[in-house]
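Colleague: This is model11.cif, which holds mmCIF, C-alpha atoms:
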```
data_my_file
loop_
_atom_site.label_atom_id
_atom_site.label_comp_id
_atom_site.auth_asym_id
_atom_site.auth_seq_id
_atom_site.Cartn_x
_atom_site.Cartn_y
_atom_site.Cartn_z
CA MET A 27 -33.10 15.58 -22.25
CA THR A 28 -31.45 15.79 -18.82
CA MET A 29 -27.76 15.05 -18.60
CA LYS A 30 -26.86 11.73 -16.97
CA GLU A 31 -25.32 12.38 -13.54
CA VAL A 32 -23.08 10.07 -11.53
CA ASP A 33 -22.27 10.93 -7.92
CA VAL A 34 -18.98 9.29 -6.92
CA ARG A 35 -18.24 11.68 -4.04
CA GLY A 36 -16.44 9.97 -1.18
CA LEU A 37 -16.04 6.60 -2.87
CA SER A 38 -12.68 4.77 -2.70
CA CYS A 39 -10.50 3.88 -5.68
CA PRO A 40 -11.23 2.44 -8.18
CA GLU A 41 -14.99 3.02 -7.80
CA PRO A 42 -15.04 6.60 -9.17
CA VAL A 43 -13.33 5.62 -12.44
CA MET A 44 -15.28 2.33 -12.65
CA LEU A 45 -18.64 4.08 -12.30
CA THR A 46 -17.56 6.83 -14.69
CA ALA A 47 -16.56 4.23 -17.29
CA GLU A 48 -19.92 2.45 -16.94
CA ALA A 49 -21.86 5.71 -17.29
CA VAL A 50 -19.87 6.97 -20.29
CA LYS A 51 -20.24 3.60 -22.03
CA ASP A 52 -24.02 3.55 -21.58
CA ALA A 53 -24.77 7.23 -22.23
CA ALA A 54 -25.84 8.69 -25.56
CA GLY A 55 -24.78 12.23 -24.63
CA PRO A 56 -22.58 14.07 -22.12
CA VAL A 57 -22.24 12.73 -18.57
CA LYS A 58 -21.88 14.80 -15.39
CA ILE A 59 -19.65 13.35 -12.66
CA LEU A 60 -19.56 14.70 -9.09
CA VAL A 61 -16.31 13.93 -7.27
CA THR A 62 -14.76 15.13 -4.01
CA GLU A 63 -11.04 14.50 -3.96
CA PRO A 64 -8.54 16.20 -6.29
CA HIS A 65 -6.66 12.98 -7.14
CA GLN A 66 -9.89 11.27 -8.15
CA LYS A 67 -10.84 14.29 -10.25
CA MET A 68 -7.52 13.89 -12.08
CA ASN A 69 -8.09 10.15 -12.52
CA ILE A 70 -11.48 10.79 -14.13
CA GLU A 71 -10.11 13.54 -16.40
CA LYS A 72 -7.32 11.18 -17.42
CA TYR A 73 -9.83 8.42 -18.13
CA ALA A 74 -11.76 10.79 -20.40
CA LYS A 75 -8.59 11.88 -22.23
CA ASP A 76 -7.41 8.27 -22.68
CA HIS A 77 -10.78 7.41 -24.24
CA GLY A 78 -10.83 10.34 -26.63
CA LYS A 79 -13.45 12.32 -24.72
CA SER A 80 -13.34 15.98 -23.74
CA SER A 81 -13.86 16.93 -20.11
CA THR A 82 -14.56 20.19 -18.32
CA ALA A 83 -14.17 20.46 -14.55
CA THR A 84 -15.74 23.12 -12.36
CA GLU A 85 -15.00 23.55 -8.66
CA LYS A 86 -18.18 23.67 -6.57
CA ASP A 87 -18.70 24.01 -2.84
CA GLY A 88 -16.53 21.16 -1.51
CA TYR A 89 -16.55 19.03 -4.65
CA PHE A 90 -15.85 19.07 -8.39
CA GLU A 91 -18.30 18.73 -11.25
CA ILE A 92 -16.84 17.16 -14.38
CA VAL A 93 -18.76 17.06 -17.64
CA ILE A 94 -17.49 14.43 -20.05
CA GLY A 95 -18.54 15.10 -23.64
CA MET B 10 2.95 19.35 -10.29
CA ASP B 11 1.49 16.03 -11.37
CA LEU B 12 3.61 12.94 -11.85
CA SER B 13 0.65 10.78 -12.84
CA ASP B 14 -0.16 12.25 -16.26
CA SER B 15 2.35 10.22 -18.30
CA LYS B 16 3.97 6.82 -18.10
CA LYS B 17 7.44 8.39 -18.38
CA LYS B 18 6.86 10.59 -15.33
CA LEU B 19 5.41 7.64 -13.43
CA ALA B 20 8.41 5.48 -14.29
CA LEU B 21 10.68 8.35 -13.17
CA ALA B 22 8.79 8.44 -9.86
CA GLY B 23 9.46 4.71 -9.49
CA VAL B 24 13.14 5.29 -10.25
CA ILE B 25 13.36 7.99 -7.55
CA CYS B 26 11.67 5.75 -4.98
CA GLY B 27 13.93 2.85 -6.03
CA LEU B 28 16.99 5.06 -5.51
CA VAL B 29 15.74 6.01 -2.03
CA ALA B 30 15.23 2.32 -1.14
CA ALA B 31 18.65 1.36 -2.59
CA CYS B 32 20.43 4.17 -0.70
CA LEU B 33 18.79 3.19 2.58
CA ALA B 34 19.73 -0.47 2.04
CA PHE B 35 23.30 0.66 1.29
CA MET B 36 23.34 2.78 4.46
CA GLY B 37 22.25 -0.02 6.76
CA ASN B 38 18.65 -1.12 6.30
CA PRO B 39 18.26 -4.91 5.94
CA ALA B 40 19.30 -5.53 2.32
CA ASN B 41 16.21 -6.92 0.65
CA MET B 42 13.85 -5.33 3.19
CA ALA B 43 15.13 -1.83 2.30
CA PHE B 44 11.76 -0.10 2.62
CA CYS B 45 9.16 -2.72 3.60
CA ILE B 46 6.01 -1.07 4.92
CA ALA B 47 4.67 -4.10 6.83
CA CYS B 48 8.09 -4.90 8.35
CA PHE B 49 8.67 -1.27 9.33
CA ILE B 50 5.21 -0.91 10.88
CA ARG B 51 5.92 -4.16 12.78
CA ASP B 52 9.28 -2.76 13.96
CA THR B 53 7.66 0.52 15.03
CA ALA B 54 4.89 -1.35 16.88
CA GLY B 55 7.67 -3.25 18.66
CA ALA B 56 9.49 -0.03 19.56
CA LEU B 57 6.26 1.20 21.18
CA GLY B 58 6.04 -2.02 23.22
CA MET B 59 3.01 -3.36 21.37
CA HIS B 60 4.85 -6.70 21.01
CA GLN B 61 7.88 -8.19 22.72
CA ALA B 62 9.84 -9.74 19.83
CA GLU B 63 13.25 -8.27 20.71
CA VAL B 64 14.78 -8.61 17.24
CA VAL B 65 12.14 -6.46 15.51
CA GLN B 66 11.82 -3.32 17.61
CA TYR B 67 12.83 0.02 16.12
CA ALA B 68 10.81 3.17 15.41
CA ARG B 69 11.41 3.34 11.66
CA PRO B 70 11.72 6.98 10.55
CA GLU B 71 10.76 5.84 7.04
CA ILE B 72 7.14 5.24 8.15
CA ILE B 73 7.03 8.63 9.87
CA GLY B 74 8.58 10.30 6.82
CA LEU B 75 6.13 8.66 4.39
CA VAL B 76 3.10 10.03 6.21
CA LEU B 77 4.65 13.46 6.74
CA GLY B 78 6.00 13.64 3.17
CA ALA B 79 2.53 12.92 1.78
CA PHE B 80 0.99 15.38 4.25
CA ILE B 81 3.37 18.24 3.36
CA ILE B 82 3.12 17.76 -0.42
CA ALA B 83 -0.68 17.43 -0.22
CA ILE B 84 -0.93 20.70 1.73
CA ALA B 85 1.52 22.41 -0.65
CA THR B 86 -0.33 21.31 -3.78
CA LYS B 87 -3.82 21.86 -2.33
CA GLU B 88 -4.69 18.15 -2.40
CA TYR B 89 -5.10 17.83 1.35
CA CYS B 90 -8.70 16.87 2.09
CA SER B 91 -9.83 15.77 5.55
CA THR B 92 -12.32 12.93 5.05
CA GLY B 93 -13.69 9.98 7.01
CA GLY B 94 -16.66 7.78 7.76
CA SER B 95 -16.36 5.04 5.13
CA SER B 96 -16.75 1.79 7.12
CA PRO B 97 -13.90 2.53 9.56
CA MET B 98 -14.09 -0.75 11.48
CA VAL B 99 -14.11 -2.84 8.30
CA ARG B 100 -11.02 -0.90 7.22
CA PHE B 101 -9.40 -1.54 10.63
CA VAL B 102 -9.93 -5.28 10.15
CA LEU B 103 -8.61 -5.09 6.57
CA GLY B 104 -5.49 -3.34 7.93
CA MET B 105 -4.96 -6.21 10.36
CA ILE B 106 -5.49 -8.75 7.56
CA ILE B 107 -3.03 -7.00 5.24
CA VAL B 108 -0.24 -7.20 7.82
CA ILE B 109 -1.00 -10.77 8.91
CA GLY B 110 -0.82 -11.89 5.25
CA SER B 111 2.36 -9.85 4.78
CA LEU B 112 4.08 -11.44 7.77
CA VAL B 113 3.09 -14.95 6.66
CA PHE B 114 4.90 -14.18 3.38
CA LEU B 115 7.49 -11.95 5.12
CA GLY B 116 6.96 -8.63 3.37
CA CYS B 117 4.45 -6.20 1.93
CA PRO B 118 3.95 -5.84 -1.85
CA LEU B 119 6.78 -3.26 -1.95
CA ARG B 120 9.15 -5.72 -0.32
CA MET B 121 7.90 -8.47 -2.63
CA VAL B 122 9.11 -6.37 -5.59
CA ILE B 123 12.40 -5.58 -3.78
CA ARG B 124 12.88 -9.30 -3.06
CA MET B 125 12.09 -10.13 -6.70
CA SER B 126 14.78 -7.67 -7.78
CA ALA B 127 17.29 -9.45 -5.53
CA GLY B 128 16.67 -12.80 -7.23
CA ASP B 129 14.54 -14.26 -4.43
CA LEU B 130 12.44 -16.78 -6.35
CA ASN B 131 10.06 -17.15 -3.36
CA ALA B 132 8.88 -13.61 -4.09
CA TRP B 133 8.18 -14.52 -7.72
CA VAL B 134 6.08 -17.44 -6.44
CA ALA B 135 4.26 -15.08 -4.06
CA LEU B 136 3.52 -12.74 -6.98
CA ILE B 137 1.14 -15.43 -8.30
CA GLY B 138 -0.83 -15.24 -5.06
CA PHE B 139 -0.79 -11.43 -5.07
CA ILE B 140 -2.19 -11.27 -8.63
CA LEU B 141 -4.88 -13.84 -7.76
CA GLY B 142 -5.77 -11.89 -4.60
CA VAL B 143 -6.11 -8.61 -6.47
CA GLY B 144 -8.10 -10.46 -9.14
CA THR B 145 -10.53 -11.75 -6.50
CA GLY B 146 -10.91 -8.19 -5.18
CA VAL B 147 -11.60 -6.92 -8.70
CA PHE B 148 -14.25 -9.63 -9.13
CA ALA B 149 -15.92 -8.40 -5.91
CA LEU B 150 -15.74 -4.79 -7.14
CA LYS B 151 -17.47 -5.82 -10.38
CA LYS B 152 -20.14 -7.56 -8.29
CA GLY B 153 -20.87 -4.29 -6.48
CA PHE B 154 -18.47 -4.32 -3.51
CA SER B 155 -18.10 -0.95 -1.77
CA LEU B 156 -17.17 0.30 1.68
CA GLY B 157 -19.47 3.29 1.18
CA ARG B 158 -18.84 6.99 1.03
CA ALA B 159 -16.35 9.02 3.00
CA HIS B 160 -17.46 12.52 3.95
CA THR B 161 -15.56 15.72 4.48
CA VAL B 162 -14.79 16.09 8.18
CA GLY B 163 -13.14 18.81 10.29
CA GLN B 164 -9.54 19.64 9.32
CA VAL B 165 -8.23 18.23 12.63
CA GLY B 166 -9.46 14.68 11.83
CA GLY B 167 -7.11 14.25 8.90
CA MET B 168 -4.14 15.66 10.79
CA ILE B 169 -4.22 13.21 13.70
CA LEU B 170 -2.04 10.50 12.13
CA PRO B 171 0.62 12.96 10.91
CA VAL B 172 0.71 14.48 14.42
CA LEU B 173 0.98 11.02 16.00
CA MET B 174 3.89 10.28 13.66
CA VAL B 175 5.66 13.46 14.82
CA GLY B 176 5.01 12.25 18.38
CA ILE B 177 6.68 8.89 17.68
CA LEU B 178 9.66 10.72 16.13
CA VAL B 179 10.04 12.90 19.25
CA LEU B 180 9.80 9.83 21.52
CA ALA B 181 12.38 8.03 19.37
CA LEU B 182 14.84 10.88 19.87
CA ILE B 183 14.64 10.58 23.68
CA PRO B 184 17.34 8.06 24.70
CA SER B 185 16.19 4.76 26.28
CA LEU B 186 12.48 5.54 26.01
CA LEU B 187 11.41 3.35 23.09
CA LYS B 188 12.58 -0.24 22.62
CA VAL B 189 15.50 -0.71 20.20
CA SER B 190 16.67 -4.12 18.95
CA GLN B 191 20.29 -4.98 19.73
CA ALA B 192 20.33 -7.88 17.24
CA GLY B 193 18.33 -9.09 14.24
CA PRO B 194 16.59 -7.04 11.54
CA GLY B 195 15.47 -4.33 13.99
CA SER B 196 19.11 -3.53 14.77
CA MET B 197 19.91 -2.97 11.09
CA HIS B 198 19.07 0.53 10.00
CA ALA B 199 20.33 3.57 8.15
CA PRO B 200 21.07 6.74 10.19
CA ILE B 201 17.86 8.32 11.52
CA ILE B 202 18.24 11.52 9.48
CA ALA B 203 18.82 9.57 6.24
CA SER B 204 15.80 7.35 6.93
CA LEU B 205 13.63 10.36 7.70
CA ILE B 206 14.69 12.29 4.59
CA GLY B 207 14.27 9.12 2.51
CA GLY B 208 10.79 8.62 3.92
CA LEU B 209 9.81 12.24 3.28
CA LEU B 210 11.01 12.07 -0.33
CA PHE B 211 9.44 8.65 -0.95
CA GLY B 212 6.15 9.84 0.59
CA ALA B 213 6.01 13.01 -1.47
CA VAL B 214 6.81 11.23 -4.75
CA ALA B 215 4.43 8.34 -3.97
CA GLN B 216 1.66 10.86 -3.28
CA LYS B 217 2.14 12.69 -6.56
CA ALA B 218 2.52 9.46 -8.57
CA ARG B 219 -0.42 7.69 -6.81
CA MET B 220 2.00 4.79 -6.27
CA CYS B 221 0.09 1.65 -5.31
CA PHE B 222 1.21 -1.95 -5.75
CA ALA B 223 -2.30 -3.41 -5.49
CA GLY B 224 -3.64 -0.59 -7.67
CA SER B 225 -1.11 -1.32 -10.42
CA ILE B 226 -2.28 -4.93 -10.83
CA ARG B 227 -5.94 -3.93 -10.24
CA ASP B 228 -5.86 -1.33 -13.03
CA ILE B 229 -4.33 -3.83 -15.46
CA ILE B 230 -7.02 -6.44 -14.72
CA LEU B 231 -9.91 -3.99 -14.50
CA MET B 232 -9.09 -1.42 -17.18
CA LYS B 233 -6.03 -2.73 -19.03
CA ASN B 234 -4.32 0.41 -17.77
CA PHE B 235 -0.55 0.10 -17.21
CA ASP B 236 0.05 3.60 -15.77
CA LEU B 237 0.57 2.59 -12.12
CA PHE B 238 2.54 -0.46 -13.24
CA SER B 239 5.09 1.96 -14.77
CA VAL B 240 5.98 3.18 -11.26
CA ILE B 241 6.57 -0.36 -10.01
CA ALA B 242 8.62 -1.21 -13.10
CA GLY B 243 10.84 1.86 -12.53
CA LEU B 244 11.43 0.88 -8.90
CA PHE B 245 12.14 -2.75 -9.85
CA VAL B 246 14.73 -1.79 -12.48
CA VAL B 247 16.63 0.49 -10.08
CA MET B 248 16.67 -2.13 -7.33
CA LEU B 249 17.75 -4.82 -9.82
CA ILE B 250 20.70 -2.67 -10.97
CA PHE B 251 21.60 -1.90 -7.33
CA ASN B 252 21.50 -5.58 -6.35
CA LEU B 253 23.56 -6.65 -9.38
CA ALA B 254 26.11 -3.86 -8.86
CA THR B 255 26.60 -4.55 -5.16
CA GLY B 256 26.68 -8.34 -5.41
CA ARG B 257 23.40 -8.71 -3.53
CA PHE B 258 21.62 -10.51 -6.37
CA VAL B 259 21.34 -14.20 -5.49
CA ALA B 260 18.87 -16.17 -7.61
CA GLY B 261 17.34 -19.10 -5.78
CA PHE B 262 15.11 -20.51 -3.08
CA ASN B 263 16.19 -21.20 0.50
CA THR B 264 18.87 -18.53 0.48
CA PRO B 265 20.00 -17.99 4.08
CA GLY B 266 20.19 -14.50 5.55
CA ILE B 267 17.60 -12.77 3.38
CA ILE B 268 14.63 -13.10 5.78
CA ALA B 269 12.46 -15.26 3.51
CA HIS B 270 11.12 -18.81 3.48
CA SER B 271 10.37 -21.35 0.74
CA ASP B 272 7.01 -22.56 2.00
CA HIS B 273 5.51 -22.04 -1.47
CA LEU B 274 1.83 -22.60 -0.65
CA TRP B 275 2.02 -20.10 2.20
CA ASN B 276 3.99 -17.58 0.19
CA ILE B 277 1.15 -17.72 -2.33
CA LEU B 278 -1.65 -17.65 0.25
CA GLY B 279 0.03 -14.91 2.30
CA MET B 280 0.25 -12.59 -0.68
CA TYR B 281 -3.18 -13.70 -1.91
CA THR B 282 -4.53 -12.39 1.40
CA VAL B 283 -2.63 -9.11 1.01
CA GLY B 284 -3.74 -8.57 -2.60
CA PHE B 285 -7.37 -9.35 -1.80
CA ALA B 286 -7.55 -7.20 1.36
CA ALA B 287 -5.61 -4.31 -0.18
CA THR B 288 -7.95 -4.19 -3.19
CA LEU B 289 -10.96 -4.09 -0.86
CA ALA B 290 -9.31 -1.36 1.24
CA GLY B 291 -8.59 0.75 -1.84
CA GLY B 292 -4.80 0.44 -1.77
CA CYS B 293 -1.68 -1.39 -0.63
CA PRO B 294 0.03 -0.69 2.74
CA LEU B 295 2.13 2.09 1.17
CA ARG B 296 -0.94 3.73 -0.39
CA GLN B 297 -2.80 3.57 2.95
CA LEU B 298 0.01 5.57 4.61
CA ILE B 299 -0.02 8.10 1.77
CA LEU B 300 -3.81 8.50 1.80
CA ALA B 301 -3.69 8.91 5.58
CA GLY B 302 -1.08 11.63 5.10
CA GLN B 303 -3.28 13.51 2.63
CA GLY B 304 -6.19 13.59 5.08
CA SER B 305 -8.08 10.30 4.95
CA SER B 306 -9.11 9.26 8.45
CA ASP B 307 -10.34 5.98 6.94
CA SER B 308 -6.84 5.14 5.75
CA ALA B 309 -5.47 6.27 9.14
CA VAL B 310 -7.78 3.70 10.74
CA THR B 311 -6.44 1.08 8.28
CA VAL B 312 -2.91 2.03 9.36
CA MET B 313 -3.92 1.59 13.02
CA GLY B 314 -5.26 -1.85 12.06
CA MET B 315 -1.86 -2.62 10.52
CA PHE B 316 -0.09 -1.70 13.78
CA VAL B 317 -2.43 -3.94 15.81
CA GLY B 318 -2.15 -6.75 13.26
CA ALA B 319 1.65 -6.54 13.37
CA ALA B 320 1.62 -6.71 17.17
CA LEU B 321 -0.75 -9.71 17.10
CA CYS B 322 1.53 -11.50 14.62
CA HIS B 323 4.34 -11.55 17.16
CA ASN B 324 2.26 -11.83 20.34
CA LEU B 325 0.41 -14.88 18.99
CA GLY B 326 3.25 -16.42 16.98
CA LEU B 327 1.72 -15.93 13.53
CA ALA B 328 4.74 -14.51 11.68
CA ALA B 329 6.88 -16.79 9.53
CA SER B 330 10.56 -17.36 10.16
CA GLY B 331 13.25 -16.79 7.54
CA THR B 332 15.72 -19.38 6.27
CA ALA B 333 18.95 -19.00 8.24
CA LEU B 334 22.39 -20.49 8.62
CA ASP B 335 22.97 -22.22 11.97
CA ALA B 336 26.10 -20.55 13.36
CA GLU B 337 27.28 -23.71 15.17
CA THR B 338 26.52 -26.48 12.68
CA GLN B 339 26.80 -24.29 9.55
CA GLU B 340 23.66 -26.02 8.27
CA ILE B 341 20.84 -24.19 6.55
CA VAL B 342 17.70 -24.14 8.69
CA ALA B 343 14.66 -23.68 6.46
CA GLY B 344 12.27 -20.89 7.37
CA ALA B 345 8.61 -21.79 7.80
CA VAL B 346 5.13 -20.55 8.62
CA PRO B 347 3.98 -21.69 12.08
CA LEU B 348 0.63 -23.50 12.44
CA HIS B 349 -0.89 -20.44 14.15
CA GLY B 350 0.11 -18.34 11.15
CA LYS B 351 -1.47 -20.79 8.70
CA VAL B 352 -4.74 -20.83 10.66
CA ALA B 353 -4.72 -17.03 10.90
CA CYS B 354 -4.10 -16.74 7.15
CA ILE B 355 -7.09 -18.99 6.36
CA ILE B 356 -9.29 -16.99 8.77
CA CYS B 357 -8.14 -13.78 7.05
CA ILE B 358 -9.05 -15.13 3.60
CA ILE B 359 -12.51 -16.17 4.86
CA ALA B 360 -12.96 -12.71 6.43
CA CYS B 361 -12.02 -11.08 3.10
CA PHE B 362 -14.67 -13.13 1.28
CA VAL B 363 -17.31 -12.20 3.87
CA ILE B 364 -16.42 -8.50 3.59
CA ALA B 365 -16.16 -8.64 -0.23
CA PHE B 366 -19.59 -10.11 -0.80
CA THR B 367 -21.59 -8.49 2.01
CA CYS B 368 -20.51 -4.83 1.74
CA LYS B 369 -22.44 -3.59 -1.29
CA ARG B 370 -22.64 -0.32 -3.19
CA GLU B 371 -25.78 1.81 -2.72
CA LYS B 372 -28.39 1.10 -5.35
CA GLY B 373 -29.07 3.70 -8.02
CA ARG B 374 -25.56 5.14 -8.09
#
```
Hey, can you dump this file as C-alpha cells for me?
Modeller:
Amino acid sequence: MTMKEVDVRGLSCPEPVMLTAEAVKDAAGPVKILVTEPHQKMNIEKYAKDHGKSSTATEKDGYFEIVIG
Amino acid sequence: MDLSDSKKKLALAGVICGLVAACLAFMGNPANMAFCIACFIRDTAGALGMHQAEVVQYARPEIIGLVLGAFIIAIATKEYCSTGGSSPMVRFVLGMIIVIGSLVFLGCPLRMVIRMSAGDLNAWVALIGFILGVGTGVFALKKGFSLGRAHTVGQVGGMILPVLMVGILVLALIPSLLKVSQAGPGSMHAPIIASLIGGLLFGAVAQKARMCFAGSIRDIILMKNFDLFSVIAGLFVVMLIFNLATGRFVAGFNTPGIIAHSDHLWNILGMYTVGFAATLAGGCPLRQLILAGQGSSDSAVTVMGMFVGAALCHNLGLAASGTALDAETQEIVAGAVPLHGKVACIICIIACFVIAFTCKREKGR
C-alpha cells in the first residue's frame, strides 16, 4: 500500500496544518507531508506531537518531508 | 531557539513584547497606541508624503525595527526563505482592507489589545467584531479558500522590503527631509534609538513566537489550540499592570485624549473587516511585517497594500476621529466615523466575501 502524501508546499497558514489534520484523520497508516518553510515544518511536527503521533522530518532539496506515524 | 514549543515560552514572549510596548509608551509614544502597527504604518506613509494629514506624519522606527528584527533572527536561525507568487495583487488589496478597517476602528489588533488593557471599553466591543471576522475567515478556509502556492524565488526578492526599511531609516536621519508632525499623535514618540531597539527586539521575539493576533483567535476556532493566544495573554497582562501602575487605566467609553471613538457599530464592523481580511491574508498586520522580514515577498506586497491603504484613509477622509476635549469650551467632542469611512468599510467587507468565496484551493490536494 502506498503511503498517503499531502503536498502543502508554499501554502499560507493555517492551510498546511489544516490539510495535515484532514489527512491524518482519514488515513489508516502513516502520512507523508511535503512542506517548504521551516516554521510550517515546526507547526506540523507540533500538531503531530499534540495528537500523540510520532513524526520524522527529512530535509530534501528545498523542502522538508515529514512522515507522521 | 524556538519560543513556540510551549505555552510558557509563548507567554514569556508576550511578556517581553508587552514590556517593549510599555517602555516605549513610557518614553513618549502615544499612551494606548504604544506599538500600533496600522497607526505606525499610517504615520510612516505620512512621513514619506503619501498623505498630507499633518498630525500623523513620522517615520516610526518601530516598523523598520520589526522587519529588520525578523530578518536578522530568521537569517541567524536559518529560517530565512525567499518566497513569492501567491496571489500578490489579492494580498495587496487585503493589505489595503486591513488598514482601512483598522483606521475605522482606530487601531490594529495589537492596539485593540493595548486599548483593552487600558480600560477602553470600545476596544472590548470591537473584539466582538474581530472574533466574528476571524470566524468568517475560518468558515471560508473550511470551504476551500486559498490564495495558492508561494514558490521559492531568488534571494534578492525577499530582501527588498528589509532594504527599503533601511532606506527609510537613513532618510529619517537626514534633517528636514521627511515630514514630521509638530502636533498630534505623530509628534508623540520615544527617542529614535529606543524605538528602533524596541522594534528590533519585538520583531525578533514575534518571529520566534509566531505572534499573530488573527492567528490566535483562528487557531482557537479552527483547532481549539490556545498556543498563540498565550502570547497575546502575556502581552495583555504586562500592559494591564503598566496601565494600572502608571495611572493610565481609565475604564469607560468616550474617554477624551485616548484616540478612540464610541461608535459601537463601526468599532465592531471595522475590526470585523480586519479579522476577516487578516485571516484570508494568513496573518494580522504584525505577522505580515514579520513574514516579510523572513523572506515572503507576498507579505511584503501586503505591507505595501497597507501603506497605500493608510494613505487613502487620510487622502479620502476615511479614518475615524477620536473623542477629544474642546480646549475652549472644555466640552467632550465625541469621535466618529465619517460617511466616507463607513462606505469604504462596507465595500471592504464585500470585497472580503468576494475574495473568500472565489479564491479556491487546487483540487486533489
Colleague: Determine, using all atoms listed in the file, which residues of chain A have any atom at most 7 Å from an atom of chain B, and tabulate each with its shortest atom pair and distance in Å to one decimal place, rows ordered by chain and then rising number, as a Markdown table.
Modeller:
```
| residue | atom | partner | partner_atom | distance |
| --- | --- | --- | --- | --- |
| A:Val32 | CA | B:Arg374 | CA | 6.5 |
| A:Asp33 | CA | B:Arg374 | CA | 6.7 |
| A:Arg35 | CA | B:Arg158 | CA | 6.9 |
| A:Gly36 | CA | B:Ala159 | CA | 4.3 |
| A:Leu37 | CA | B:Arg158 | CA | 4.8 |
| A:Ser38 | CA | B:Gly291 | CA | 5.8 |
| A:Cys39 | CA | B:Gly291 | CA | 5.3 |
| A:Glu63 | CA | B:Cys90 | CA | 6.9 |
| A:Pro64 | CA | B:Glu88 | CA | 5.8 |
```
Colleague: Identify all residues satisfying the PyMOL selection byres ((chain B and resi 177) around 9) in the given file; provide them as a list in words.
Modeller: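 Checking the PyMOL selection byres ((chain B and resi 177) around 9) against this file, the residues are Thr53, Leu57, Ala68, Pro70, Ile73, Val172, Leu173, Met174, Val175, Gly176, Leu178, Val179, Leu180, Ala181 and Leu182 of chain B.
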Colleague: Evaluate the PyMOL selection byres ((chain A and resi 79-82) around 7) on the structure here and hand back the selected residues as a ChimeraX atom specification.
Modeller: /A:71,74-75,77-78,83-84,92-95
Colleague: So that I can check the surroundings of Asn252 of chain B, please list as a list in words every protein, DNA and RNA residue that reaches within 12 Å of it, counting all atoms listed in the file and ignoring chain neighbours fewer than 3 positions away.
Modeller: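 These residues fall inside the cut-off: Gly27, Leu28, Ala30, Ala31, Cys32, Ala34, Phe35, Ala40, Asn41, Ala43, Ile123, Arg124, Met125, Ser126, Ala127, Gly128, Asp129, Phe245, Val246, Val247, Met248, Leu249, Thr255, Gly256, Arg257, Phe258, Val259 and Ala260 of chain B.
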Colleague: Give me, please, the distance in Å between atom CA of Gln303 of chain B and atom CA of Leu210 of chain B, quoted to one decimal.
Modeller: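 About the pair atom CA of Gln303 of chain B and atom CA of Leu210 of chain B: they are 14.7 Å apart.
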Colleague: Could you jot down the atom CA of Gly142 of chain B to atom CA of Ile355 of chain B separation for me, Å, one decimal place?
Modeller: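 These two atoms are separated by 13.1 Å.
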Colleague: Because the input lacks atoms here, generate N, CA, C and O atoms for segment 310-321 of chain B and report them as a short mmCIF file (atom, residue, chain, number, x, y, z; two decimals), in the frame of the given file.
Modeller:
```cif
data_model
loop_
_atom_site.label_atom_id
_atom_site.label_comp_id
_atom_site.auth_asym_id
_atom_site.auth_seq_id
_atom_site.Cartn_x
_atom_site.Cartn_y
_atom_site.Cartn_z
N VAL B 310 -7.25 4.83 9.97
CA VAL B 310 -7.78 3.70 10.74
C VAL B 310 -7.20 2.38 10.20
O VAL B 310 -6.85 1.49 10.98
N THR B 311 -7.06 2.27 8.88
CA THR B 311 -6.44 1.08 8.28
C THR B 311 -5.00 0.94 8.79
O THR B 311 -4.56 -0.17 9.11
N VAL B 312 -4.29 2.05 8.86
CA VAL B 312 -2.91 2.03 9.36
C VAL B 312 -2.89 1.56 10.82
O VAL B 312 -2.04 0.75 11.21
N MET B 313 -3.83 2.05 11.62
CA MET B 313 -3.92 1.59 13.02
C MET B 313 -4.16 0.08 13.06
O MET B 313 -3.58 -0.64 13.88
N GLY B 314 -5.02 -0.41 12.15
CA GLY B 314 -5.26 -1.85 12.06
C GLY B 314 -3.97 -2.59 11.73
O GLY B 314 -3.71 -3.68 12.24
N MET B 315 -3.13 -1.98 10.88
CA MET B 315 -1.86 -2.62 10.52
C MET B 315 -0.94 -2.71 11.73
O MET B 315 -0.25 -3.70 11.93
N PHE B 316 -0.91 -1.66 12.56
CA PHE B 316 -0.09 -1.70 13.78
C PHE B 316 -0.56 -2.82 14.71
O PHE B 316 0.26 -3.59 15.24
N VAL B 317 -1.89 -2.91 14.91
CA VAL B 317 -2.43 -3.94 15.81
C VAL B 317 -2.18 -5.33 15.23
O VAL B 317 -1.78 -6.25 15.94
N GLY B 318 -2.40 -5.46 13.92
CA GLY B 318 -2.15 -6.75 13.26
C GLY B 318 -0.70 -7.18 13.40
O GLY B 318 -0.41 -8.35 13.65
N ALA B 319 0.22 -6.23 13.25
CA ALA B 319 1.65 -6.54 13.37
C ALA B 319 1.97 -7.00 14.79
O ALA B 319 2.73 -7.97 14.98
N ALA B 320 1.38 -6.33 15.78
CA ALA B 320 1.62 -6.71 17.17
C ALA B 320 1.07 -8.11 17.42
O ALA B 320 1.74 -8.96 18.04
N LEU B 321 -0.14 -8.38 16.91
CA LEU B 321 -0.75 -9.71 17.10
C LEU B 321 0.13 -10.80 16.49
O LEU B 321 0.26 -11.89 17.04
#
```
